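Enquirer: Sharing a structure below in structure tokens format, with a few things to ask.
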Amino acid sequence: MYLHNTFPRTRMSRPSLLVRTAGGAALCWALSQPALAQQAKDESWARDVVVITGQSETIAAPSAATATRTPTLVEEIPQSIQTLTRTLIEEQELQTLPGALTNVSGVTPTSTMQTVLMATLIRGFSVNYYFDGMPTYQLPPGISDPATLINVERIEVAKGPTSTLYGGGSGAPLSGLINVVSRDPGAQFGGSVGLRAGSFGTLGVDADLNIPLGDSVAFRINGMAEQADSYIDFIDSKRYALFPTLAWDISADTRLVVRGRYNHLEQQEYSGVPWEIISSIDRNQYAGASDAPRTEIENKQVSAFLSHRFSDTLEATFALSHYDGAYEEWASFPYGQIGGTLYNFGNGYLPSDSQKTFATASLVARLGSEGFTHQLLAGVDFDDTDYFGAMYFNPAWATLDYADANPTAPFGPMPPLFFDQNDRLKTAAVFVQDQIGIGDHLDVTVGLRWTKLDIKSVINDGFFDYATDRTDDKITPRIGVTYEIVDGTSLFAGYAEGFQGVVGAGFNGLTSPEPETSQSYEAGVKFASPIKGLTGTVSLFQITRQNVVTPDPVIPFAYIQAGEQRAKGVEMDLVYEPSSALSVLFNYAYTDAEVSKDNALPVGDRLRAVPEHAGRLAVRYRFEGALSNFEIGGGLTYTSERELTLPNTLQVGDLVTADAQAAYDFGPAQLSVSIVNLFDEGGFEPYQYFGGTYVVPTQPRSAFVTLRNAF
């Protein structure tokens with residue numbers, strides 16, 4: 001059997017956890033390893049326990065590794081962290097990372113249509129994607145979008161600064177991070193093939209194959225391809241991806257996992273519609289250069305994870321990753337209202353390439369005895385990132401009238417060079433953390449990270465070079481406490497600081513930007529089945545962020561550093577699974593995110609695109625008895641008004657959408673149906689184009705059918 005040992009858990013006095021699997025086997029719980037890779041495995045391992053695994057049918061996850069870089073029970077982590085499991089992804093027929101993140105409170109996902117333009121937000125502030133704990137470089141913000149969830153075992157969302165443990169590129173995330181955990185090879189030969197078709201000419205295929213190569217080596221490869229039209233005129237898209245993984249148990253104590261990732265997205269660029277004329281034109285109309293080449297995003301990443309257990313109490317991990325992200329944006333967009341529905345349009349070409357090499361090494365030691373334990377983590381990070389970006393821009397490309405039946409024009413020749421930019425970023429960091437268990441109820445987490453950032457940038461506007469060179473370093477602390485007040489219910493509180501360099505000086509017009517910093521407070525309560533099947537977190541939080549880069553309200557393509565922004569609020573993430581038949585997910589967030597101090601923007605203005613109230617309710621029912629192969633599900637998602645601009649001038653209204661799913665397993669294959677925007681609500685979403693008052697119509701009612709065969 002394909003074996004690997006892991007440490008026993010930190011607090012041995014609490015009972016083991018049984019997890020129900022798709023095959024119906026009872027499992028003794030096993031926390032993921034290696035600690036940095038944060039792998040939630042199809043094949044799970046626990047010391048002195050033989051584990052029979054299959055896909056868990058629960059949508060709750062009892063443990064996580066992202067928040068602490070060690071496998072830890074969620075109830076012992078002094079931070080709000082939510083996990084989206086593989087079961088949830090499949091049951092809701094989720095296809096993209098932004099689509100999945102609606103199931104987490106306080107998260108404002110970007111959309112696949114504006115991936116290049118806008119990052120996903122947590123608690124009002126932009127965050128980066130990590131893959132198995134490895135950072136990617138996100139300039140522009142959404143460039144590392146994985147295009148698919150075919151290779152995702154789980155998605156862990158850690159809220160608040162995680163700056164004591166993570167970094168790379170410009171430094172550590174300030175308001176949280178999203179860690180995408182990959183699927184691992186397993187001990188049994190098998191796989192699946194799926195076909196998907198639906199609205200707007202959607203047609204796709206995916207496959208997953210697991211091949212054991214002896215007793216200690218296994219290989220897994222999965223991938224997908226899909227093409228689709230859109231409800232927006234002229235907009236179509238293609239995406240494809242491939243994920244190979246090799247796992248080798250070199251010995252009973254040493255394991256090597258090598259992962260590859262390649263994904264490609266392309267679509268006709270869409271600039272949204274000006275909000276001020278949306279009531280007088282066709283909401284799905286496209287205006288611009290319909291013949292422009294597609295905007296393309298390509299990600300390539302190779303990562304290796306090596307772990308070795310020296311003893312029952314000491315383990316080391318080493319990880320090395322190389323990431324290459326590239327995109328080419330071909331854009332045409334409204335650039336100034338002439339009058340009524342008549343607009344001046346500009347066009348542009350924006351190529352970019354980023355290469356990141358990231359290495360990290362850490363040592364975990366578990367000390368002490370029952371009643372007083374330490375889980376010590378110490379490590380180092382090193383990151384080297386090269387970035388090239390350019391903008392070719394014609395501000396007066398065409399004059400188009402949205403009232404015309406076909407407001408388009410040829411893209412024409414390449415626009416002239418506006419500027420190009422070369423950045424070199426080097427990051428070195430040392431971090432330590434101690435997770436202290438005191439008695440059966442109290443857990444204390446303390447940590448420190450020292451980070452040194454070296455950011456060099458050279459900008460050329462076609463005539464002159466402008467160079468910046470800045471080195472900064474800072475120590476960021478973290479402290480948190482959890483206390484189990486009764487069985488299954490724990491209180492928690494924590495404080496952490498964040499530190500992140502500012503890059504893209506050419507794009508933001510800043511000559512020597514100050515690093516961004518943040519301070520985060522959080523407190524709340526965690527549930528680990530105080531009543532049967534109830535798990536989750538309720539939290540109060542406040543994050544204050546200084547030296548924030550925001551679009552200049554006067555000068556296009558330029559940015560300023562705001563004095564201070566602050567977000568505070570209440571979040572609730574609950575899962576209720578009283579039996580194997582029923583799963584209920586509920587989340588809600590109240591987010592008060594605003595400018596709190598500034599040198600240009602109005603104090604008190606709300607941050608752009610962040611709803612004050614947002615929530616989701618999703619239910620899944622699995623029939624038993626004669627209908628045991630049939631499942632149904634559905635959800636409601638609510639979003640309150642959102643600001644289109646900062647300074648605030650206009651808002652889009654609130655929106656409630658419904659979705660529904662059904663699946664039937666008829667033996668050789670499973671047939672599933674999903675419906676998006678079930679009641680065809682006609683709302684709008686903020687759309688990021690130069691910080692203007694642009695919107696995109698909400699996706700109309702859409703239906704998709706998937707046929708999947710597992711073998």
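Every chain in the structure tokens takes a letter, A first, then B, and so on in the order presented; its residues are numbered from 1, and the ligands are numbered from 1 following the presented order.
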Per DSSP on the backbone, filter stretch 286-503 of chain A down to the residues in strand (DSSP E or B) and report them as JSON, numbers by chain.
Expert: {"A": [288, 295, 296, 297, 298, 299, 300, 301, 302, 303, 304, 305, 306, 307, 308, 309, 310, 311, 314, 315, 316, 317, 318, 319, 320, 321, 322, 323, 324, 325, 326, 327, 328, 329, 330, 331, 332, 333, 334, 335, 336, 337, 338, 339, 342, 343, 344, 345, 346, 347, 348, 349, 350, 351, 352, 353, 354, 355, 356, 357, 358, 359, 360, 361, 362, 363, 364, 365, 366, 367, 368, 369, 372, 373, 374, 375, 376, 377, 378, 379, 380, 381, 382, 383, 384, 385, 386, 387, 388, 389, 390, 391, 392, 393, 394, 395, 396, 397, 398, 399, 400, 401, 408, 417, 418, 419, 420, 421, 422, 423, 424, 425, 426, 427, 428, 429, 430, 431, 432, 433, 434, 435, 436, 437, 438, 442, 443, 444, 445, 446, 447, 448, 449, 450, 451, 452, 453, 454, 455, 456, 457, 458, 459, 460, 465, 466, 467, 468, 469, 470, 471, 472, 473, 474, 475, 476, 477, 478, 479, 480, 481, 482, 483, 484, 485, 486, 489, 490, 491, 492, 493, 494, 495, 496, 497, 498, 499, 500]}
Enquirer: At a cut-off of 10 Å, can you tabulate as CSV every residue of stretch 147-167 of chain A near stretch 461-483 of chain A together with its closest atom pair and the distance in Å to one decimal, using only C-alpha atoms and ordering rows by chain then number?
Expert:
```
residue,atom,partner,partner_atom,distance
A:Pro161,CA,A:Arg478,CA,8.8
A:Thr162,CA,A:Arg478,CA,8.5
A:Ser163,CA,A:Thr476,CA,6.7
A:Thr164,CA,A:Thr476,CA,6.1
A:Leu165,CA,A:Arg478,CA,9.7
```
Enquirer: Neighbouring residues of stretch 316-324 of chain A were defined as those with any atom within 8 Å, considering only C-alpha atoms; residues of the same chain fewer than 5 positions away were excluded. Please report them as an NGL selection string.
Expert: :A and (34-37 or 134 or 136 or 299-310 or 353-364)
Enquirer: Within 7 Å of A:Arg220, counting only C-alpha atoms, which residues qualify if same-chain residues fewer than 2 places away don't, as a ChimeraX atom specification?
Expert: /A:185,209-211,218,222,244-246
Enquirer: Restricted to C-alpha atoms, what would the selected residues look like written as a PDB file, in the first residue's frame?
Expert:
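part09.pdb was written with the following content:
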```
ATOM      1  CA  PRO A 185      -1.936  10.663  -6.774  1.00  0.00           C
ATOM      2  CA  LEU A 209      -6.288   9.540 -14.556  1.00  0.00           C
ATOM      3  CA  ASN A 210      -4.431   8.023 -11.584  1.00  0.00           C
ATOM      4  CA  ILE A 211      -1.722   5.406 -12.245  1.00  0.00           C
ATOM      5  CA  ALA A 218       2.110   7.079  -8.293  1.00  0.00           C
ATOM      6  CA  ASN A 222      -5.867  15.613 -15.282  1.00  0.00           C
ATOM      7  CA  PRO A 244       0.576  16.307 -14.046  1.00  0.00           C
ATOM      8  CA  THR A 245       1.681  15.156 -10.558  1.00  0.00           C
ATOM      9  CA  LEU A 246       4.239  12.532  -9.492  1.00  0.00           C
TER      10      LEU A 246
END
```
Enquirer: Name the closest residue to A:Pro413 among the candidates A:Phe679, A:Trp450, A:Tyr387, A:Trp330; distances are taken between atoms, counting only C-alpha atoms.
Expert: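 Once distances to A:Pro413 are computed over only C-alpha atoms, the minimum belongs to A:Trp330.
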Enquirer: Please compute the atom CA of A:Asn648-atom CA of A:Arg608 distance, one decimal, in Å.
Expert: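 Answer for the atom CA of A:Asn648 to atom CA of A:Arg608 separation: 7.8 Å.
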Enquirer: From the options A:Glu315, A:Gly412, A:Ala241, A:Tyr590, which residue's atoms come nearest to A:Pro293, counting only C-alpha atoms?
Expert: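 Closest candidate: A:Gly412.
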Enquirer: Which is closer to A:Arg86 than all the others in A:Gly124, A:Gln114, A:Thr148, A:Arg154, using only C-alpha atoms?
Expert: A:Arg154
